[in-house]
Amino acid sequence: MSTPRGRKAAAGKQQRSGGGRSGQGPQRGGRPRAAAPQRTPRSERVDVHQPDGVRLQKLLASAGVGSRRACEVLITEGRVQVDGQVVTELGVRIDPSTQVVHVDGERVQLDDSKVYLAFNKPLGVVSTMHDELDRPSVGDYLEQRKDRLFHVGRLDADTSGLLLLTNDGELANRLQHPSYGVPKTYLAVVPGPIPRDLGKQLRAGVELEDGPVRVDSFKIVDSQPGHAMVQVVLHEGRKHVVRRMLEAVGHPVESLVRTDVGAVHLGELRQGKMRPLSSREIDSLYKAAGL
C-alpha cells in the first residue's frame with residue numbers, strides 16, 4: 001500500500017507529464033491547454049560581402065560615425081546593417097556606391113561624392129541654374145563650386161527661404177514626387193484680422209482651379225492691426241499653391257518664406273548663404289523618401 005507522500009509525488013509526476021496524455025498540457029477546468037506554436041524557420045542570411053570592396057569599419061570612420069575602433073565595436077554589437085542585413089563580422093567589405101548602410105537605424109551616407117545643402121534663397125532669385133532673361137538665379141550662387149548641383153523643387157521669385165540643393169538624383173526625384181508627401185512649412189504675412197475658423201476651413205480643403213488643396217496645420221504666429229503672420233504646413237507642391245490658397249479664402253499673401261522641408265530647418269541661415277546638411281537631416285530625408 002502506498003504512503004500519502006508516495007501518492008503525492010506520483011500525482012506531481014503525472015501533472016508535469018501532462019496527465020499521461022501525449023501532446024497536451026495540464027488540464028484546467030476540463031479543457032486541455034493548447035500546444036505551443038511551431039517556430040517558423042529563420043530566413044536565409046544574405047551575403048553582403050564584396051571581395052573587391054572597402055572594409056566596413058573604414059567606411060564608417062570616414063563617414064564620421066566614429067573612430068575606427070568605435071566603428072568596430074558598433075559592428076560587433078550588431079548595430080550596423082548593410083542592405084538590411086545585420087553585420088557582426090569585422091572582415092566584411094562592401095561597395096559604398098551601391099550598398100546601403102544603417103547604424104542604429106539611421107542611414108549613413110558613405111558616398112563622399114554626394115552633396116546635400118540647405119540654401120536660403122533671397123527674394124528676386126529664380127529657381128533655375130541659368131536664366132535666359134538674365135535674372136538672378138540659384139546657379140549664380142554656385143558658380144564657384146565644382147559640383148554639378150540641382151535644386152529640389154522650386155520657390156517663386158517672390159518667395160524666399162529654404163531650398164535644398166544636391167547631386168543625389170534619386171533622392172531629389174522622390175522628394176519632389178507627391179506620393180511621398182514631404183511636408184513643407186511656410187510663414188506668410190497676410191491682411192488681418194484672421195477669422196477664428198480659418199484654420200478649420202483650410203484643413204477641410206479649399207477648391208482651386210486645378211483641384212482642392214488642404215493644409216496639414218495652420219496657426220497664427222503674430223497679429224498686428226491690419227496684418228497677421230500665419231504658419232502653413234502642407235504636402236502640396238503645385239505652383240503658387242500657398243498664395244492661391246490664401247487668396248481664395250480672402251487673405252492674399254503680402255510676403256512668403258519657406259522655413260522647413262521635412263525635418264530640415266532654415267534656422268539662422270542668412271539669405272544667399274548655404275550650409276551642408278547634417279547626417280541626421282540627410283537620414284530624415286531618406287526616410288521621408290522611402291530610401
# chains A, B, ... in the order shown; residues from 1 in each chain; ligands from 1

$ select_by_dssp --residues "stretch 110-244 of chain A" --states "strand (DSSP E or B)" --output "number ranges by chain"
A: 116-121, 126, 137, 150-152, 159-166, 184-191, 206-208, 211-213, 217-224, 227-234

$ residues_around --residues "A:Ala70" --least-positions-apart "4" --cutoff "9 Å" --atoms "only C-alpha atoms" --output "list in words"
Gln57, Ala61, Val65, Gly66, Leu74 and Ile75 of chain A

$ residues_around --residues "A:His49" --least-positions-apart "5" --cutoff "12 Å" --atoms "only C-alpha atoms" --output "compact mmCIF listing (two decimals) with N, CA, C and O atoms, in the first residue's frame"
# COMPACT_ATOMS: atom_id res chain seq x y z
N VAL A 54 35.44 47.88 -49.82
CA VAL A 54 36.23 48.52 -48.75
C VAL A 54 35.72 48.00 -47.41
O VAL A 54 34.52 47.75 -47.25
N ARG A 55 36.63 47.85 -46.45
CA ARG A 55 36.22 47.35 -45.14
C ARG A 55 35.17 48.27 -44.52
O ARG A 55 35.29 49.50 -44.55
N LEU A 56 34.16 47.64 -43.96
CA LEU A 56 33.01 48.38 -43.44
C LEU A 56 33.41 49.38 -42.37
O LEU A 56 32.95 50.53 -42.37
N VAL A 82 23.79 46.29 -43.39
CA VAL A 82 24.14 46.53 -44.78
C VAL A 82 23.05 45.89 -45.64
O VAL A 82 22.79 44.69 -45.54
N ASP A 83 22.39 46.71 -46.43
CA ASP A 83 21.28 46.24 -47.26
C ASP A 83 20.24 45.48 -46.43
O ASP A 83 19.70 44.45 -46.87
N GLN A 85 20.73 43.75 -43.78
CA GLN A 85 21.30 42.57 -43.12
C GLN A 85 22.24 43.01 -41.99
O GLN A 85 23.15 43.80 -42.20
N VAL A 86 22.00 42.52 -40.77
CA VAL A 86 22.87 42.84 -39.65
C VAL A 86 24.24 42.22 -39.88
O VAL A 86 24.35 41.02 -40.20
N VAL A 87 25.28 43.01 -39.74
CA VAL A 87 26.65 42.55 -39.94
C VAL A 87 27.39 42.62 -38.61
O VAL A 87 27.39 43.66 -37.95
N THR A 88 28.02 41.52 -38.21
CA THR A 88 28.76 41.48 -36.94
C THR A 88 30.22 41.09 -37.13
O THR A 88 30.98 41.05 -36.17
N GLU A 89 30.63 40.79 -38.36
CA GLU A 89 32.00 40.37 -38.63
C GLU A 89 32.82 41.56 -39.12
O GLU A 89 32.37 42.33 -39.96
N LEU A 90 34.03 41.67 -38.62
CA LEU A 90 34.87 42.83 -38.93
C LEU A 90 35.53 42.74 -40.31
O LEU A 90 36.03 43.73 -40.82
N GLY A 91 35.53 41.57 -40.91
CA GLY A 91 36.21 41.42 -42.20
C GLY A 91 35.35 41.74 -43.40
O GLY A 91 35.81 41.64 -44.54
N VAL A 92 34.11 42.16 -43.17
CA VAL A 92 33.20 42.40 -44.29
C VAL A 92 33.62 43.63 -45.09
O VAL A 92 33.92 44.69 -44.53
N ARG A 93 33.63 43.47 -46.40
CA ARG A 93 33.89 44.58 -47.32
C ARG A 93 32.62 44.86 -48.12
O ARG A 93 31.89 43.93 -48.47
N ILE A 94 32.39 46.13 -48.41
CA ILE A 94 31.19 46.50 -49.16
C ILE A 94 31.52 47.53 -50.23
O ILE A 94 32.59 48.15 -50.21
N ASP A 95 30.57 47.72 -51.14
CA ASP A 95 30.69 48.73 -52.19
C ASP A 95 29.88 49.96 -51.77
O ASP A 95 28.65 49.91 -51.78
N PRO A 96 30.52 51.06 -51.39
CA PRO A 96 29.78 52.23 -50.89
C PRO A 96 28.91 52.90 -51.93
O PRO A 96 28.00 53.66 -51.60
N GLN A 99 25.68 49.90 -52.06
CA GLN A 99 25.07 49.28 -50.89
C GLN A 99 24.66 50.32 -49.87
O GLN A 99 25.27 51.39 -49.75

$ select_by_dssp --residues "stretch 163-287 of chain A" --states "helix (DSSP H, G or I)" --output "number ranges by chain"
A: 169-176, 198-204, 241-248, 279-287

$ residues_around --residues "A:Ser255" --least-positions-apart "3" --cutoff "8 Å" --atoms "only C-alpha atoms" --output "PyMOL selection string"
chain A and resi 158-159+188-190

$ residues_around --residues "A:Gly181" --least-positions-apart "4" --cutoff "12 Å" --atoms "only C-alpha atoms" --output "VMD selection string"
chain A and resid 174 to 177 215 to 216 233 to 237 261 to 262 285 287 to 290

$ write_last_selection --atoms "N, CA, C and O atoms" --output "PDB file, in the first residue's frame"
ATOM      1  N   ARG A 174      12.468  61.630 -55.626  1.00  0.00           N
ATOM      2  CA  ARG A 174      11.465  61.124 -54.682  1.00  0.00           C
ATOM      3  C   ARG A 174      10.902  62.243 -53.809  1.00  0.00           C
ATOM      4  O   ARG A 174       9.701  62.270 -53.515  1.00  0.00           O
ATOM      5  N   LEU A 175      11.761  63.143 -53.380  1.00  0.00           N
ATOM      6  CA  LEU A 175      11.281  64.230 -52.529  1.00  0.00           C
ATOM      7  C   LEU A 175      10.291  65.123 -53.267  1.00  0.00           C
ATOM      8  O   LEU A 175       9.406  65.728 -52.645  1.00  0.00           O
ATOM      9  N   GLN A 176      10.420  65.199 -54.588  1.00  0.00           N
ATOM     10  CA  GLN A 176       9.514  66.032 -55.370  1.00  0.00           C
ATOM     11  C   GLN A 176       8.245  65.298 -55.777  1.00  0.00           C
ATOM     12  O   GLN A 176       7.284  65.921 -56.213  1.00  0.00           O
ATOM     13  N   HIS A 177       8.238  63.987 -55.625  1.00  0.00           N
ATOM     14  CA  HIS A 177       7.074  63.214 -56.060  1.00  0.00           C
ATOM     15  C   HIS A 177       5.957  63.333 -55.039  1.00  0.00           C
ATOM     16  O   HIS A 177       6.179  63.144 -53.835  1.00  0.00           O
ATOM     17  N   VAL A 215      -4.467  71.933 -45.992  1.00  0.00           N
ATOM     18  CA  VAL A 215      -3.252  72.114 -45.204  1.00  0.00           C
ATOM     19  C   VAL A 215      -3.183  71.017 -44.154  1.00  0.00           C
ATOM     20  O   VAL A 215      -4.196  70.452 -43.744  1.00  0.00           O
ATOM     21  N   ASP A 216      -1.956  70.723 -43.717  1.00  0.00           N
ATOM     22  CA  ASP A 216      -1.771  69.790 -42.604  1.00  0.00           C
ATOM     23  C   ASP A 216      -1.998  70.498 -41.278  1.00  0.00           C
ATOM     24  O   ASP A 216      -2.548  69.913 -40.345  1.00  0.00           O
ATOM     25  N   VAL A 233       1.478  74.539 -43.015  1.00  0.00           N
ATOM     26  CA  VAL A 233       2.214  73.305 -43.311  1.00  0.00           C
ATOM     27  C   VAL A 233       1.363  72.475 -44.261  1.00  0.00           C
ATOM     28  O   VAL A 233       0.189  72.220 -43.985  1.00  0.00           O
ATOM     29  N   LEU A 234       1.963  72.063 -45.378  1.00  0.00           N
ATOM     30  CA  LEU A 234       1.233  71.242 -46.344  1.00  0.00           C
ATOM     31  C   LEU A 234       2.201  70.392 -47.141  1.00  0.00           C
ATOM     32  O   LEU A 234       3.404  70.650 -47.163  1.00  0.00           O
ATOM     33  N   HIS A 235       1.653  69.350 -47.787  1.00  0.00           N
ATOM     34  CA  HIS A 235       2.461  68.447 -48.597  1.00  0.00           C
ATOM     35  C   HIS A 235       2.459  68.839 -50.071  1.00  0.00           C
ATOM     36  O   HIS A 235       3.224  68.289 -50.853  1.00  0.00           O
ATOM     37  N   GLU A 236       1.583  69.744 -50.429  1.00  0.00           N
ATOM     38  CA  GLU A 236       1.403  70.108 -51.838  1.00  0.00           C
ATOM     39  C   GLU A 236       2.662  70.722 -52.448  1.00  0.00           C
ATOM     40  O   GLU A 236       3.442  71.379 -51.756  1.00  0.00           O
ATOM     41  N   GLY A 237       2.814  70.504 -53.768  1.00  0.00           N
ATOM     42  CA  GLY A 237       3.935  71.102 -54.466  1.00  0.00           C
ATOM     43  C   GLY A 237       3.516  71.843 -55.716  1.00  0.00           C
ATOM     44  O   GLY A 237       4.357  72.180 -56.545  1.00  0.00           O
ATOM     45  N   VAL A 261      11.652  72.014 -44.784  1.00  0.00           N
ATOM     46  CA  VAL A 261      11.326  70.928 -45.710  1.00  0.00           C
ATOM     47  C   VAL A 261      11.546  69.640 -44.937  1.00  0.00           C
ATOM     48  O   VAL A 261      12.692  69.274 -44.641  1.00  0.00           O
ATOM     49  N   GLY A 262      10.465  68.972 -44.571  1.00  0.00           N
ATOM     50  CA  GLY A 262      10.599  67.813 -43.709  1.00  0.00           C
ATOM     51  C   GLY A 262      11.229  68.211 -42.391  1.00  0.00           C
ATOM     52  O   GLY A 262      10.798  69.176 -41.737  1.00  0.00           O
ATOM     53  N   LEU A 285      15.626  62.808 -44.557  1.00  0.00           N
ATOM     54  CA  LEU A 285      15.136  62.946 -45.925  1.00  0.00           C
ATOM     55  C   LEU A 285      15.039  61.575 -46.607  1.00  0.00           C
ATOM     56  O   LEU A 285      14.093  61.306 -47.358  1.00  0.00           O
ATOM     57  N   LYS A 287      14.493  58.748 -45.125  1.00  0.00           N
ATOM     58  CA  LYS A 287      13.328  58.064 -44.563  1.00  0.00           C
ATOM     59  C   LYS A 287      12.037  58.606 -45.155  1.00  0.00           C
ATOM     60  O   LYS A 287      11.121  57.846 -45.488  1.00  0.00           O
ATOM     61  N   ALA A 288      11.964  59.939 -45.310  1.00  0.00           N
ATOM     62  CA  ALA A 288      10.763  60.546 -45.893  1.00  0.00           C
ATOM     63  C   ALA A 288      10.559  60.090 -47.331  1.00  0.00           C
ATOM     64  O   ALA A 288       9.422  59.972 -47.792  1.00  0.00           O
ATOM     65  N   ALA A 289      11.667  59.825 -48.029  1.00  0.00           N
ATOM     66  CA  ALA A 289      11.589  59.407 -49.438  1.00  0.00           C
ATOM     67  C   ALA A 289      11.489  57.907 -49.593  1.00  0.00           C
ATOM     68  O   ALA A 289      11.486  57.395 -50.720  1.00  0.00           O
ATOM     69  N   GLY A 290      11.454  57.179 -48.476  1.00  0.00           N
ATOM     70  CA  GLY A 290      11.329  55.725 -48.542  1.00  0.00           C
ATOM     71  C   GLY A 290      12.576  55.023 -49.042  1.00  0.00           C
ATOM     72  O   GLY A 290      12.498  53.945 -49.611  1.00  0.00           O
TER      73      GLY A 290
END

$ closest_residue --among "A:His251, A:Arg244, A:Arg68, A:Arg79" --to "A:Gly211" --atoms "only C-alpha atoms"
A:Arg244

$ residues_around --residues "A:Gly139" --least-positions-apart "2" --cutoff "8 Å" --atoms "only C-alpha atoms" --output "ChimeraX atom specification"
/A:128-130,137,141-143

$ closest_residue --among "A:Gln81, A:Gln231, A:Thr166, A:Ser97" --to "A:Arg258" --atoms "only C-alpha atoms"
A:Gln231

$ atom_distance --atom1 "atom CA of A:Pro122" --atom2 "atom CA of A:Gly272"
5.8 Å

$ closest_residue --among "A:Val241, A:Val48, A:Leu59, A:Met229" --to "A:Pro212" --atoms "only C-alpha atoms"
A:Val241

$ residues_around --residues "A:Glu247" --least-positions-apart "2" --cutoff "12 Å" --atoms "only C-alpha atoms" --output "number ranges by chain"
A: 188-191, 202, 206-208, 240-245, 249-254

$ write_last_selection --atoms "N, CA, C and O atoms" --output "PDB file, in the first residue's frame"
ATOM      1  N   ALA A 188       3.678  83.216 -43.741  1.00  0.00           N
ATOM      2  CA  ALA A 188       3.091  84.191 -44.670  1.00  0.00           C
ATOM      3  C   ALA A 188       2.549  85.382 -43.899  1.00  0.00           C
ATOM      4  O   ALA A 188       1.948  85.221 -42.829  1.00  0.00           O
ATOM      5  N   VAL A 189       2.774  86.574 -44.430  1.00  0.00           N
ATOM      6  CA  VAL A 189       2.146  87.785 -43.897  1.00  0.00           C
ATOM      7  C   VAL A 189       0.954  88.089 -44.779  1.00  0.00           C
ATOM      8  O   VAL A 189       1.083  88.192 -46.015  1.00  0.00           O
ATOM      9  N   VAL A 190      -0.217  88.201 -44.153  1.00  0.00           N
ATOM     10  CA  VAL A 190      -1.473  88.413 -44.882  1.00  0.00           C
ATOM     11  C   VAL A 190      -2.268  89.527 -44.216  1.00  0.00           C
ATOM     12  O   VAL A 190      -2.005  89.885 -43.061  1.00  0.00           O
ATOM     13  N   PRO A 191      -3.239  90.091 -44.923  1.00  0.00           N
ATOM     14  CA  PRO A 191      -4.100  91.091 -44.290  1.00  0.00           C
ATOM     15  C   PRO A 191      -4.890  90.463 -43.134  1.00  0.00           C
ATOM     16  O   PRO A 191      -5.355  89.327 -43.213  1.00  0.00           O
ATOM     17  N   LEU A 202      -9.234  75.747 -43.875  1.00  0.00           N
ATOM     18  CA  LEU A 202      -8.075  75.324 -44.669  1.00  0.00           C
ATOM     19  C   LEU A 202      -7.787  73.843 -44.491  1.00  0.00           C
ATOM     20  O   LEU A 202      -7.356  73.168 -45.432  1.00  0.00           O
ATOM     21  N   VAL A 206      -9.736  73.703 -49.660  1.00  0.00           N
ATOM     22  CA  VAL A 206     -10.141  74.855 -50.459  1.00  0.00           C
ATOM     23  C   VAL A 206     -10.089  74.446 -51.925  1.00  0.00           C
ATOM     24  O   VAL A 206      -9.103  73.851 -52.384  1.00  0.00           O
ATOM     25  N   GLU A 207     -11.137  74.749 -52.647  1.00  0.00           N
ATOM     26  CA  GLU A 207     -11.207  74.375 -54.065  1.00  0.00           C
ATOM     27  C   GLU A 207     -10.487  75.413 -54.921  1.00  0.00           C
ATOM     28  O   GLU A 207     -10.820  76.596 -54.899  1.00  0.00           O
ATOM     29  N   LEU A 208      -9.471  74.948 -55.677  1.00  0.00           N
ATOM     30  CA  LEU A 208      -8.760  75.803 -56.625  1.00  0.00           C
ATOM     31  C   LEU A 208      -9.107  75.362 -58.043  1.00  0.00           C
ATOM     32  O   LEU A 208      -9.746  74.332 -58.242  1.00  0.00           O
ATOM     33  N   HIS A 240       2.590  78.037 -56.968  1.00  0.00           N
ATOM     34  CA  HIS A 240       1.931  79.133 -56.246  1.00  0.00           C
ATOM     35  C   HIS A 240       0.812  78.649 -55.313  1.00  0.00           C
ATOM     36  O   HIS A 240      -0.122  79.401 -55.028  1.00  0.00           O
ATOM     37  N   VAL A 241       0.884  77.402 -54.846  1.00  0.00           N
ATOM     38  CA  VAL A 241      -0.264  76.824 -54.143  1.00  0.00           C
ATOM     39  C   VAL A 241      -0.588  77.563 -52.848  1.00  0.00           C
ATOM     40  O   VAL A 241      -1.764  77.765 -52.518  1.00  0.00           O
ATOM     41  N   VAL A 242       0.425  78.002 -52.102  1.00  0.00           N
ATOM     42  CA  VAL A 242       0.158  78.709 -50.841  1.00  0.00           C
ATOM     43  C   VAL A 242      -0.493  80.055 -51.126  1.00  0.00           C
ATOM     44  O   VAL A 242      -1.485  80.435 -50.481  1.00  0.00           O
ATOM     45  N   ARG A 243       0.036  80.768 -52.095  1.00  0.00           N
ATOM     46  CA  ARG A 243      -0.529  82.076 -52.440  1.00  0.00           C
ATOM     47  C   ARG A 243      -1.967  81.932 -52.955  1.00  0.00           C
ATOM     48  O   ARG A 243      -2.857  82.697 -52.558  1.00  0.00           O
ATOM     49  N   ARG A 244      -2.188  80.971 -53.823  1.00  0.00           N
ATOM     50  CA  ARG A 244      -3.526  80.801 -54.393  1.00  0.00           C
ATOM     51  C   ARG A 244      -4.539  80.379 -53.333  1.00  0.00           C
ATOM     52  O   ARG A 244      -5.689  80.818 -53.334  1.00  0.00           O
ATOM     53  N   MET A 245      -4.103  79.517 -52.434  1.00  0.00           N
ATOM     54  CA  MET A 245      -4.994  79.033 -51.387  1.00  0.00           C
ATOM     55  C   MET A 245      -5.402  80.157 -50.445  1.00  0.00           C
ATOM     56  O   MET A 245      -6.592  80.321 -50.131  1.00  0.00           O
ATOM     57  N   VAL A 249      -9.277  82.322 -49.835  1.00  0.00           N
ATOM     58  CA  VAL A 249     -10.052  82.487 -48.595  1.00  0.00           C
ATOM     59  C   VAL A 249     -10.044  83.939 -48.128  1.00  0.00           C
ATOM     60  O   VAL A 249     -10.389  84.234 -46.980  1.00  0.00           O
ATOM     61  N   GLY A 250      -9.624  84.857 -49.019  1.00  0.00           N
ATOM     62  CA  GLY A 250      -9.715  86.278 -48.709  1.00  0.00           C
ATOM     63  C   GLY A 250      -8.543  86.885 -47.983  1.00  0.00           C
ATOM     64  O   GLY A 250      -8.648  87.983 -47.430  1.00  0.00           O
ATOM     65  N   HIS A 251      -7.378  86.199 -48.008  1.00  0.00           N
ATOM     66  CA  HIS A 251      -6.193  86.726 -47.327  1.00  0.00           C
ATOM     67  C   HIS A 251      -4.978  86.599 -48.245  1.00  0.00           C
ATOM     68  O   HIS A 251      -4.108  85.751 -48.032  1.00  0.00           O
ATOM     69  N   PRO A 252      -4.905  87.446 -49.294  1.00  0.00           N
ATOM     70  CA  PRO A 252      -3.790  87.361 -50.240  1.00  0.00           C
ATOM     71  C   PRO A 252      -2.444  87.592 -49.559  1.00  0.00           C
ATOM     72  O   PRO A 252      -2.314  88.425 -48.665  1.00  0.00           O
ATOM     73  N   VAL A 253      -1.450  86.854 -49.997  1.00  0.00           N
ATOM     74  CA  VAL A 253      -0.129  86.895 -49.371  1.00  0.00           C
ATOM     75  C   VAL A 253       0.593  88.197 -49.699  1.00  0.00           C
ATOM     76  O   VAL A 253       0.655  88.619 -50.855  1.00  0.00           O
ATOM     77  N   GLU A 254       1.148  88.821 -48.655  1.00  0.00           N
ATOM     78  CA  GLU A 254       1.968  90.018 -48.835  1.00  0.00           C
ATOM     79  C   GLU A 254       3.452  89.664 -48.862  1.00  0.00           C
ATOM     80  O   GLU A 254       4.241  90.309 -49.558  1.00  0.00           O
TER      81      GLU A 254
END

$ closest_residue --among "A:Leu123, A:Ala157, A:Leu117, A:Val73" --to "A:Ala172" --atoms "only C-alpha atoms"
A:Leu117

$ closest_residue --among "A:Val103, A:Ala248, A:Val152, A:Ala118" --to "A:Leu277" --atoms "only C-alpha atoms"
A:Ala118

$ closest_residue --among "A:Phe119, A:Phe150, A:Phe218, A:Tyr186" --to "A:Arg275" --atoms "only C-alpha atoms"
A:Phe119
